[in-house]
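Undergrad: Okay, so here is start_17.csv, and as you'll see once you scroll down, it has CSV, C-alpha atoms.
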chain,number,residue,atom,x,y,z
B,1,MET,CA,158.4,-17.4,-6.9
B,2,SER,CA,155.3,-19.4,-5.9
B,3,GLU,CA,156.8,-22.6,-4.5
B,4,PRO,CA,154.6,-24.2,-1.9
B,5,ASN,CA,156.9,-23.2,1.0
B,6,GLU,CA,156.6,-19.5,0.1
B,7,HIS,CA,153.6,-18.7,2.2
B,8,ALA,CA,152.2,-15.5,3.5
B,9,HIS,CA,153.1,-15.4,7.2
B,10,HIS,CA,150.0,-16.3,9.2
B,11,ILE,CA,149.3,-14.3,12.4
B,12,VAL,CA,147.4,-16.2,15.1
B,13,GLY,CA,145.1,-14.0,17.0
B,14,PRO,CA,144.4,-13.5,20.8
B,15,GLY,CA,141.1,-15.4,20.5
B,16,VAL,CA,142.9,-18.7,19.6
B,17,TYR,CA,145.5,-18.1,22.4
B,18,VAL,CA,142.9,-17.5,25.0
B,19,ALA,CA,141.0,-20.6,24.0
B,20,ILE,CA,144.2,-22.7,24.2
B,21,LEU,CA,145.1,-21.2,27.5
B,22,PHE,CA,141.7,-22.3,29.0
B,23,ALA,CA,142.1,-25.8,27.4
B,24,LEU,CA,145.5,-26.1,29.0
B,25,LEU,CA,144.3,-24.9,32.4
B,26,ILE,CA,141.4,-27.4,32.3
B,27,GLY,CA,143.8,-30.2,31.2
B,28,THR,CA,146.0,-29.4,34.2
B,29,ALA,CA,143.1,-29.4,36.6
B,30,LEU,CA,141.8,-32.7,35.1
B,31,THR,CA,145.2,-34.5,35.3
B,32,VAL,CA,145.6,-33.5,39.0
B,33,TRP,CA,142.1,-34.5,39.8
B,34,ALA,CA,142.6,-37.9,38.0
B,35,SER,CA,145.8,-38.5,40.1
B,36,PHE,CA,143.7,-38.4,43.3
B,37,ILE,CA,141.6,-41.3,42.1
B,38,ASP,CA,143.0,-44.8,42.3
B,39,LEU,CA,142.8,-46.2,38.8
B,40,GLY,CA,145.5,-48.8,39.2
B,41,PRO,CA,147.6,-49.2,36.0
B,42,TRP,CA,145.4,-46.5,34.3
B,43,ASN,CA,146.8,-43.7,36.4
B,44,PRO,CA,150.1,-43.3,34.4
B,45,ILE,CA,148.3,-43.9,31.1
B,46,ILE,CA,145.8,-41.2,31.8
B,47,ALA,CA,148.4,-38.7,33.1
B,48,LEU,CA,150.6,-39.3,30.0
B,49,ALA,CA,147.6,-39.1,27.7
B,50,ILE,CA,146.6,-35.7,29.1
B,51,ALA,CA,150.2,-34.5,29.1
B,52,THR,CA,150.5,-35.4,25.4
B,53,SER,CA,147.2,-33.7,24.6
B,54,LYS,CA,148.4,-30.5,26.3
B,55,ALA,CA,151.8,-30.7,24.5
B,56,THR,CA,150.0,-31.2,21.2
B,57,LEU,CA,147.9,-28.1,21.8
B,58,VAL,CA,151.1,-26.1,22.6
B,59,VAL,CA,152.9,-27.3,19.5
B,60,LEU,CA,150.0,-26.8,17.1
B,61,PHE,CA,148.8,-23.4,18.4
B,62,PHE,CA,151.2,-21.6,20.7
B,63,MET,CA,154.1,-22.7,18.5
B,64,GLY,CA,152.0,-22.2,15.4
B,65,VAL,CA,152.9,-25.5,13.6
B,66,LYS,CA,149.3,-25.8,12.5
B,67,TYR,CA,149.7,-22.6,10.4
B,68,SER,CA,153.3,-23.1,9.4
B,69,SER,CA,155.0,-24.2,6.2
B,70,LYS,CA,155.1,-27.9,5.1
B,71,LEU,CA,158.8,-27.9,5.8
B,72,THR,CA,158.2,-27.0,9.5
B,73,LYS,CA,155.4,-29.6,9.7
B,74,LEU,CA,157.6,-32.3,8.2
B,75,THR,CA,160.6,-31.3,10.5
B,76,VAL,CA,158.5,-31.5,13.7
B,77,PHE,CA,156.8,-34.8,12.6
B,78,ALA,CA,160.2,-36.3,11.6
B,79,GLY,CA,161.7,-35.3,15.0
B,80,ILE,CA,158.9,-36.7,17.1
B,81,PHE,CA,158.8,-39.9,15.0
B,82,THR,CA,162.5,-40.4,15.4
B,83,PHE,CA,162.3,-39.8,19.1
B,84,MET,CA,159.4,-42.4,19.4
B,85,ILE,CA,161.5,-45.0,17.6
B,86,LEU,CA,164.4,-44.4,19.9
B,87,ILE,CA,162.4,-44.5,23.1
B,88,SER,CA,160.1,-47.5,22.1
B,89,LEU,CA,163.0,-49.7,20.9
B,90,THR,CA,165.0,-48.9,24.0
B,91,LEU,CA,162.1,-49.8,26.3
B,92,ALA,CA,161.2,-52.9,24.2
B,93,ASP,CA,164.8,-54.1,24.8
B,94,TYR,CA,164.4,-53.7,28.6
B,95,ILE,CA,161.1,-55.4,28.6
B,96,SER,CA,162.0,-58.4,26.4
B,97,ARG,CA,165.7,-59.0,27.2
B,98,ALA,CA,165.0,-61.6,29.9
B,99,TRP,CA,162.0,-63.0,28.1
B,100,GLY,CA,161.3,-66.5,29.2
B,101,SER,CA,164.0,-66.7,31.8
B,102,TRP,CA,161.9,-66.0,34.8
J,1,MET,CA,160.9,-13.1,-10.4
J,2,PRO,CA,159.2,-9.9,-11.4
J,3,ASP,CA,158.8,-8.1,-8.1
J,4,ASN,CA,161.6,-9.8,-6.2
J,5,PRO,CA,163.6,-7.5,-4.0
J,6,VAL,CA,166.8,-9.0,-5.3
J,7,THR,CA,166.4,-7.7,-8.8
J,8,SER,CA,165.8,-4.2,-7.7
J,9,GLN,CA,168.8,-4.4,-5.5
J,10,GLY,CA,171.4,-4.3,-8.2
J,11,ALA,CA,171.9,-0.6,-8.0
J,12,SER,CA,172.3,-0.5,-4.2
J,13,GLY,CA,174.6,-3.5,-4.4
J,14,ALA,CA,176.8,-1.6,-6.8
J,15,ALA,CA,176.8,1.5,-4.6
J,16,LYS,CA,177.9,-0.7,-1.7
J,17,HIS,CA,180.8,-2.2,-3.5
J,18,ALA,CA,181.9,1.2,-4.9
J,19,GLY,CA,182.2,2.3,-1.3
J,20,SER,CA,180.5,5.5,-2.2
J,21,ALA,CA,177.8,5.3,0.4
J,22,ASP,CA,177.5,4.1,4.0
J,23,ASN,CA,174.0,5.4,4.2
J,24,ALA,CA,171.7,2.5,5.1
J,25,ASP,CA,168.8,3.9,3.0
J,26,ILE,CA,170.8,3.7,-0.1
J,27,LEU,CA,172.5,0.4,0.9
J,28,HIS,CA,169.1,-1.3,1.4
J,29,ALA,CA,167.1,0.4,-1.2
J,30,GLY,CA,164.1,-1.6,-2.4
J,31,HIS,CA,163.9,-4.0,0.6
J,32,PRO,CA,163.6,-3.8,4.4
J,33,PRO,CA,166.9,-3.2,6.2
J,34,TYR,CA,166.6,-6.4,8.1
J,35,LEU,CA,166.6,-8.6,4.9
J,36,ARG,CA,170.0,-10.2,4.7
J,37,HIS,CA,171.4,-10.1,1.2
J,38,HIS,CA,171.8,-13.8,0.8
J,39,PHE,CA,168.0,-14.4,1.1
J,40,ASN,CA,165.6,-13.9,-1.8
J,41,SER,CA,162.8,-12.5,0.3
J,42,THR,CA,161.7,-11.8,3.8
J,43,GLU,CA,159.5,-14.8,3.7
J,44,GLN,CA,162.4,-17.1,2.8
J,45,GLN,CA,164.5,-15.5,5.5
J,46,ALA,CA,161.7,-16.0,8.1
J,47,ASP,CA,161.1,-19.7,7.0
J,48,THR,CA,164.9,-20.4,7.2
J,49,ALA,CA,165.1,-19.0,10.8
J,50,ASN,CA,162.0,-21.0,11.8
J,51,PHE,CA,163.4,-24.2,10.3
J,52,ALA,CA,166.7,-23.7,12.1
J,53,MET,CA,165.0,-23.0,15.4
J,54,TRP,CA,163.0,-26.2,15.0
J,55,LEU,CA,166.2,-28.2,14.3
J,56,PHE,CA,167.7,-26.8,17.5
J,57,LEU,CA,164.5,-27.7,19.4
J,58,LEU,CA,164.7,-31.3,18.1
J,59,THR,CA,168.2,-31.6,19.5
J,60,GLU,CA,166.6,-30.5,22.8
J,61,VAL,CA,163.9,-33.1,22.4
J,62,MET,CA,166.6,-35.8,22.1
J,63,PHE,CA,168.5,-34.3,25.1
J,64,PHE,CA,165.5,-34.3,27.5
J,65,GLY,CA,164.3,-37.6,25.8
J,66,GLY,CA,167.4,-39.4,27.1
J,67,LEU,CA,166.7,-38.2,30.6
J,68,PHE,CA,163.0,-39.3,30.4
J,69,THR,CA,164.0,-42.7,29.0
J,70,ALA,CA,166.5,-43.2,31.9
J,71,TYR,CA,163.8,-42.2,34.3
J,72,LEU,CA,161.3,-44.7,32.8
J,73,ILE,CA,163.9,-47.6,32.9
J,74,TYR,CA,165.0,-47.0,36.4
J,75,ARG,CA,161.4,-46.6,37.5
J,76,ASN,CA,160.7,-50.1,36.1
J,77,TRP,CA,163.8,-51.5,37.9
J,78,TYR,CA,163.4,-49.9,41.3
J,79,TYR,CA,159.6,-49.4,41.3
J,80,PRO,CA,159.0,-49.3,45.1
J,81,ALA,CA,161.8,-46.9,45.6
J,82,PHE,CA,160.5,-44.6,42.8
J,83,VAL,CA,157.0,-44.7,44.2
J,84,ALA,CA,158.3,-43.8,47.7
J,85,GLY,CA,160.5,-41.1,46.4
J,86,SER,CA,157.7,-39.6,44.4
J,87,HIS,CA,155.5,-39.4,47.5
J,88,GLN,CA,158.0,-37.0,49.0
J,89,LEU,CA,157.1,-34.4,46.4
J,90,ASN,CA,154.5,-31.7,47.0
J,91,VAL,CA,151.7,-32.0,44.5
J,92,VAL,CA,150.3,-28.5,45.4
J,93,TRP,CA,153.6,-26.8,44.5
J,94,GLY,CA,153.9,-28.9,41.4
J,95,THR,CA,150.4,-28.0,40.3
J,96,THR,CA,150.9,-24.3,41.1
J,97,ASN,CA,154.1,-24.3,39.0
J,98,THR,CA,152.3,-26.0,36.1
J,99,PHE,CA,149.7,-23.2,36.1
J,100,VAL,CA,152.4,-20.5,36.4
J,101,LEU,CA,154.3,-22.0,33.4
J,102,ILE,CA,151.1,-22.4,31.2
J,103,LEU,CA,150.2,-18.7,32.0
J,104,SER,CA,153.7,-17.6,31.0
J,105,SER,CA,153.4,-19.6,27.7
J,106,PHE,CA,150.2,-17.7,27.1
J,107,THR,CA,151.7,-14.3,27.8
J,108,MET,CA,154.6,-15.2,25.5
J,109,ALA,CA,152.3,-16.2,22.7
J,110,MET,CA,150.5,-12.9,23.2
J,111,GLY,CA,153.9,-11.2,23.0
J,112,VAL,CA,154.6,-12.7,19.6
J,113,TRP,CA,151.2,-11.5,18.5
J,114,CYS,CA,151.9,-8.0,19.7
J,115,ALA,CA,155.3,-8.0,17.8
J,116,GLU,CA,153.6,-9.2,14.7
J,117,THR,CA,150.9,-6.6,14.9
J,118,ARG,CA,153.5,-3.9,15.9
J,119,ARG,CA,152.1,-3.1,19.4
J,120,ARG,CA,155.2,-1.9,21.2
J,121,LYS,CA,153.6,-1.3,24.6
J,122,GLY,CA,151.7,-4.6,24.4
J,123,LEU,CA,154.9,-6.4,23.6
J,124,VAL,CA,156.8,-4.9,26.5
J,125,LEU,CA,153.9,-5.7,28.8
J,126,CYS,CA,153.7,-9.4,27.6
J,127,LEU,CA,157.5,-9.9,27.8
J,128,THR,CA,157.6,-8.4,31.3
J,129,LEU,CA,154.7,-10.6,32.5
J,130,THR,CA,156.5,-13.7,31.0
J,131,PHE,CA,159.7,-12.6,32.8
J,132,ILE,CA,157.8,-12.3,36.2
J,133,LEU,CA,156.0,-15.6,35.8
J,134,GLY,CA,159.3,-17.3,34.9
J,135,LEU,CA,160.8,-15.9,38.1
J,136,CYS,CA,157.7,-17.1,40.1
J,137,PHE,CA,158.3,-20.6,38.7
J,138,LEU,CA,162.0,-20.5,39.8
J,139,GLY,CA,160.9,-19.1,43.2
J,140,ILE,CA,158.5,-22.0,43.8
J,141,LYS,CA,161.2,-24.5,42.6
J,142,THR,CA,163.6,-23.0,45.2
J,143,ILE,CA,161.0,-23.6,48.0
J,144,GLU,CA,160.7,-27.2,46.8
J,145,TYR,CA,164.5,-27.7,46.6
J,146,ARG,CA,164.9,-26.1,50.1
J,147,GLU,CA,162.4,-28.7,51.5
J,148,LYS,CA,164.5,-31.5,49.9
J,149,ILE,CA,167.7,-30.1,51.4
J,150,GLU,CA,166.1,-29.9,54.8
J,151,MET,CA,164.9,-33.5,54.6
J,152,HIS,CA,168.3,-34.6,53.4
J,153,HIS,CA,166.9,-35.9,50.2
J,154,VAL,CA,169.6,-34.4,48.0
J,155,PRO,CA,171.8,-37.3,46.7
J,156,GLY,CA,175.3,-37.3,48.2
J,157,PHE,CA,177.1,-37.7,51.6
J,158,HIS,CA,174.2,-36.3,53.6
J,159,TYR,CA,171.5,-38.3,52.0
J,160,SER,CA,169.1,-39.7,54.6
J,161,LEU,CA,167.1,-43.0,54.2
J,162,GLN,CA,164.9,-42.2,57.3
J,163,SER,CA,161.8,-41.3,55.3
J,164,PHE,CA,161.9,-44.6,53.5
J,165,LEU,CA,163.0,-47.0,56.3
J,166,ASP,CA,160.6,-45.4,58.7
J,167,PRO,CA,157.8,-43.6,56.8
J,168,ALA,CA,155.9,-42.7,60.0
J,169,SER,CA,158.8,-40.4,61.0
J,170,ASN,CA,157.5,-38.0,58.4
J,171,PRO,CA,153.9,-37.5,59.5
J,172,GLU,CA,152.9,-35.0,56.8
J,173,VAL,CA,153.7,-37.5,54.0
J,174,PHE,CA,152.7,-40.5,56.0
J,175,LYS,CA,149.1,-39.4,56.7
J,176,GLU,CA,148.6,-38.9,52.9
J,177,TYR,CA,150.1,-42.1,51.5
J,178,HIS,CA,150.6,-44.6,54.5
J,179,ASP,CA,153.8,-45.9,52.9
J,180,GLN,CA,155.1,-49.3,54.1
J,181,PRO,CA,158.8,-49.2,55.2
J,182,LEU,CA,161.2,-50.2,52.4
J,183,ALA,CA,163.9,-52.9,52.8
J,184,LEU,CA,167.4,-51.3,53.1
J,185,ASP,CA,168.6,-52.2,49.6
J,186,MET,CA,165.4,-50.8,48.0
J,187,ALA,CA,165.4,-47.7,50.2
J,188,ARG,CA,168.9,-46.9,49.0
J,189,HIS,CA,167.6,-46.8,45.4
J,190,THR,CA,165.4,-43.8,46.3
J,191,GLU,CA,168.7,-41.9,45.9
J,192,ILE,CA,168.5,-42.7,42.1
J,193,TYR,CA,165.0,-41.3,42.0
J,194,PHE,CA,166.2,-38.0,43.6
J,195,SER,CA,169.3,-38.0,41.3
J,196,LEU,CA,167.0,-38.1,38.3
J,197,TYR,CA,164.6,-35.6,40.0
J,198,PHE,CA,167.4,-33.1,40.5
J,199,LEU,CA,168.9,-33.7,37.1
J,200,MET,CA,165.7,-33.3,35.2
J,201,THR,CA,164.2,-30.4,37.1
J,202,GLY,CA,167.6,-28.9,37.3
J,203,MET,CA,168.2,-29.0,33.6
J,204,HIS,CA,164.7,-27.6,33.1
J,205,ALA,CA,165.4,-24.8,35.6
J,206,LEU,CA,168.6,-24.0,33.7
J,207,HIS,CA,166.6,-23.6,30.5
J,208,MET,CA,164.3,-21.3,32.4
J,209,ILE,CA,167.2,-19.2,33.8
J,210,ILE,CA,168.7,-18.9,30.3
J,211,GLY,CA,165.2,-18.0,29.0
J,212,ILE,CA,164.7,-15.3,31.6
J,213,GLY,CA,168.1,-13.8,30.8
J,214,ILE,CA,167.1,-13.6,27.1
J,215,LEU,CA,163.7,-12.1,28.1
J,216,ALA,CA,165.5,-9.3,30.1
J,217,PHE,CA,167.5,-8.6,26.9
J,218,MET,CA,164.4,-8.6,24.8
J,219,ILE,CA,162.4,-6.3,27.2
J,220,PHE,CA,165.3,-3.8,27.0
J,221,ARG,CA,165.3,-3.9,23.2
J,222,ALA,CA,161.5,-4.0,22.8
J,223,ARG,CA,161.2,-0.7,24.7
J,224,SER,CA,163.0,1.1,21.9
J,225,GLY,CA,160.8,-0.6,19.3
J,226,ALA,CA,163.3,-3.1,18.0
J,227,TYR,CA,160.8,-5.9,17.4
J,228,THR,CA,157.8,-3.8,16.3
J,229,ALA,CA,159.1,-2.6,13.0
J,230,GLY,CA,158.4,-5.7,11.0
J,231,HIS,CA,161.3,-7.9,12.0
J,232,VAL,CA,159.9,-10.4,14.5
J,233,THR,CA,162.1,-13.4,14.0
J,234,PHE,CA,163.9,-13.1,17.3
J,235,VAL,CA,160.6,-12.8,19.3
J,236,GLU,CA,159.0,-15.7,17.4
J,237,ASN,CA,162.0,-18.0,17.8
J,238,PHE,CA,162.3,-17.2,21.5
J,239,GLY,CA,158.6,-18.0,21.8
J,240,LEU,CA,159.3,-21.4,20.3
J,241,TYR,CA,162.0,-22.0,22.9
J,242,TRP,CA,159.8,-20.8,25.8
J,243,HIS,CA,156.9,-23.1,24.7
J,244,PHE,CA,159.3,-26.0,24.4
J,245,VAL,CA,160.4,-25.5,28.0
J,246,ASP,CA,156.8,-25.4,29.0
J,247,ILE,CA,156.2,-28.8,27.2
J,248,VAL,CA,159.2,-30.4,29.0
J,249,TRP,CA,157.6,-29.3,32.4
J,250,ILE,CA,154.2,-30.7,31.4
J,251,TYR,CA,155.8,-34.1,31.1
J,252,LEU,CA,158.1,-33.7,34.1
J,253,PHE,CA,155.0,-32.8,36.2
J,254,ALA,CA,153.1,-35.9,35.1
J,255,LEU,CA,156.1,-38.3,35.5
J,256,LEU,CA,157.6,-37.0,38.7
J,257,TYR,CA,154.6,-35.9,40.7
J,258,LEU,CA,151.4,-37.6,39.4
J,259,ILE,CA,151.8,-41.2,38.2
J,260,SER,CA,152.9,-42.8,41.4
J,261,ARG,CA,150.4,-41.5,43.9
J,262,HIS,CA,148.3,-44.7,44.3
J,263,GLN,CA,151.0,-47.3,43.9
Take the structure in this file and express it as structure tokens.
TA:
Amino acid sequence: MSEPNEHAHHIVGPGVYVAILFALLIGTALTVWASFIDLGPWNPIIALAIATSKATLVVLFFMGVKYSSKLTKLTVFAGIFTFMILISLTLADYISRAWGSW
Amino acid sequence: MPDNPVTSQGASGAAKHAGSADNADILHAGHPPYLRHHFNSTEQQADTANFAMWLFLLTEVMFFGGLFTAYLIYRNWYYPAFVAGSHQLNVVWGTTNTFVLILSSFTMAMGVWCAETRRRKGLVLCLTLTFILGLCFLGIKTIEYREKIEMHHVPGFHYSLQSFLDPASNPEVFKEYHDQPLALDMARHTEIYFSLYFLMTGMHALHMIIGIGILAFMIFRARSGAYTAGHVTFVENFGLYWHFVDIVWIYLFALLYLISRHQ
């Protein structure tokens, strides 16, 4: 039984968790600080970029996807990809439906 | 399959079906007692549980994703109303709650590590800290909801447009944002902002309440060593759930509190 999904269970240690904790705390401080500066259209973009970086850290390390089986990695990626299709096509419809009629 | 538990299980399987023994040691000879008989190995069992948990979390992504999409579309439509509504939120409480939730995710991750390395006391401590931090989050959320109730910003019969028709009437918010008064039709759309605010934070809080309930159950079981004897699937899968709820809040915090401060 040595199929690729038969992996030894990887245990993530406290060192990694502490490092991620500090990265998340710094990310939170950074996003609040950035919200106090007027950056025009860049405010939402920066806030969402920082939120996505934080979420990525949580998924990869706290949720252990970085150390998990290919099946889990594929599942997570497929789910997020499907969600991105749904949200971007929906928003594209709302942006472009009245195109040229203003 | 030379050293597969299944092959060495024939004898105990026979004993089981003969009904000659209800002794768990004989019944589960050759493999850990928590290995279900329809799995080949503990690894396969753990992978299956992990896969199933992720499938459940993907349905949750779609559920919250629908709310986020509705929020983005309505924000585009009624932009001034959503900006004015967002200014009524307290960034200090929002930031505090973000820190609380990130800390609770960390204590939960440490709890999973304690279970995996069979540290019973450490696990109970981590789960208890996660439990307390979860309650802190809900406490702060209650303070914020209470503020909204007092200001009549809860959608419904008692909803008040005063903060939006006459922003100066609310000096604390006004001195920070200097909002212009909204026209009556746009001011009415702030109710949509608060409907989505309560829907999204409320669904998030419901997930927290369910999580805290499961945590209490886990603390009770962890004290007698239930998760520190090798079978850690329940703790790991609950960890995934708790981190997912954390991620939802990370986005809620950015979208509800932060992105409209200068508009």
Undergrad: Between B:Ala34, B:Met63, B:Ile95, B:Ala23, which is the closest to chain J once you count only C-alpha atoms?
TA: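 The closest residue to chain J is B:Met63.
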Undergrad: For chain B versus chain J, which residues have an atom no more than 6 Å away, and what is each residue's nearest atom pair and distance in Å rounded to one decimal, using only C-alpha atoms, chain-then-number order, as JSON lines?
TA:
{"residue": "B:Ser35", "atom": "CA", "partner": "J:Leu258", "partner_atom": "CA", "distance": 5.7}
{"residue": "B:Asp38", "atom": "CA", "partner": "J:His262", "partner_atom": "CA", "distance": 5.7}
{"residue": "B:Asn43", "atom": "CA", "partner": "J:Ile259", "partner_atom": "CA", "distance": 5.9}
{"residue": "B:Pro44", "atom": "CA", "partner": "J:Ile259", "partner_atom": "CA", "distance": 4.7}
{"residue": "B:Ala47", "atom": "CA", "partner": "J:Ala254", "partner_atom": "CA", "distance": 5.8}
{"residue": "B:Ala51", "atom": "CA", "partner": "J:Tyr251", "partner_atom": "CA", "distance": 6.0}
{"residue": "B:Ala55", "atom": "CA", "partner": "J:Ile247", "partner_atom": "CA", "distance": 5.5}
{"residue": "B:Phe62", "atom": "CA", "partner": "J:Ala109", "partner_atom": "CA", "distance": 5.9}
{"residue": "B:Met63", "atom": "CA", "partner": "J:Leu240", "partner_atom": "CA", "distance": 5.7}
{"residue": "B:Thr72", "atom": "CA", "partner": "J:Phe51", "partner_atom": "CA", "distance": 6.0}
{"residue": "B:Gly79", "atom": "CA", "partner": "J:Leu58", "partner_atom": "CA", "distance": 5.9}
Undergrad: Produce a file of the selected residues containing C-alpha atoms, as a PDB file, keeping the file's coordinate frame.
TA:
ATOM      1  CA  SER B  35     145.800 -38.500  40.100  1.00  0.00           C
ATOM      2  CA  ASP B  38     143.000 -44.800  42.300  1.00  0.00           C
ATOM      3  CA  ASN B  43     146.800 -43.700  36.400  1.00  0.00           C
ATOM      4  CA  PRO B  44     150.100 -43.300  34.400  1.00  0.00           C
ATOM      5  CA  ALA B  47     148.400 -38.700  33.100  1.00  0.00           C
ATOM      6  CA  ALA B  51     150.200 -34.500  29.100  1.00  0.00           C
ATOM      7  CA  ALA B  55     151.800 -30.700  24.500  1.00  0.00           C
ATOM      8  CA  PHE B  62     151.200 -21.600  20.700  1.00  0.00           C
ATOM      9  CA  MET B  63     154.100 -22.700  18.500  1.00  0.00           C
ATOM     10  CA  THR B  72     158.200 -27.000   9.500  1.00  0.00           C
ATOM     11  CA  GLY B  79     161.700 -35.300  15.000  1.00  0.00           C
TER      12      GLY B  79
END
Undergrad: Given the choices J:Gly85, J:Gly211, J:Gly134, J:Gly225, which gets closest to J:Ile192 if the distance is worked out from only C-alpha atoms?
TA: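 Of J:Gly85, J:Gly211, J:Gly134, J:Gly225, the one nearest J:Ile192 is J:Gly85, counting only C-alpha atoms.
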Undergrad: Which one is closest to J:Leu165: J:Cys126, J:Ala81, J:Ala115, J:Ala205? Count all atoms listed in the file.
TA: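 Nearest candidate to J:Leu165 out of J:Cys126, J:Ala81, J:Ala115, J:Ala205: J:Ala81.
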Undergrad: Could you check how far atom CA of B:Leu57 sits from atom CA of B:Ile20, in Å to one decimal?
TA: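 These two atoms are separated by 7.0 Å.
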Undergrad: In Å, rounded to a single decimal, give me how far atom CA of J:Arg75 is from atom CA of B:Ser101.
TA: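 Computed distance, atom CA of B:Ser101 to atom CA of J:Arg75, equals 21.1 Å.
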Undergrad: Select all residues near (162.2, -40.3, 48.1) (cut-off 7 Å, inclusive, file coordinates), counting all atoms listed in the file, and output them as a PyMOL selection string.
TA: chain J and resi 84-88+153+164+190+193-194
Undergrad: Would you output that residue set with C-alpha atoms, as a compact mmCIF listing (two decimals), in the coordinates of the input?
TA:
# COMPACT_ATOMS: atom_id res chain seq x y z
CA ALA J 84 158.30 -43.80 47.70
CA GLY J 85 160.50 -41.10 46.40
CA SER J 86 157.70 -39.60 44.40
CA HIS J 87 155.50 -39.40 47.50
CA GLN J 88 158.00 -37.00 49.00
CA HIS J 153 166.90 -35.90 50.20
CA PHE J 164 161.90 -44.60 53.50
CA THR J 190 165.40 -43.80 46.30
CA TYR J 193 165.00 -41.30 42.00
CA PHE J 194 166.20 -38.00 43.60
Undergrad: With all atoms listed in the file as the atoms that count, which of B:Ile87, B:Leu25, B:Ile11, B:Val32 lies nearest to J:Leu67?
TA: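 Going through B:Ile87, B:Leu25, B:Ile11, B:Val32 one by one, the smallest distance to J:Leu67 is for B:Ile87.
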Undergrad: Please report the interatomic distance between atom CA of J:Arg119 and atom CA of J:Ser224 in Å with one decimal.
TA: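 The value is 11.9 Å.
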Undergrad: Would you mind listing what lies within 12 Å of B:Phe77 as a ChimeraX atom specification, with only C-alpha atoms counted and same-chain residues fewer than 4 positions away left out?
TA: /B:56,59-60,65-66,70-73,81-84 /J:54-55,58
Undergrad: Ranking J:Ile149, J:Phe39, J:Lys141, J:Arg188 by minimum distance to J:Gln162 and counting only C-alpha atoms, which one comes first?
TA: J:Arg188
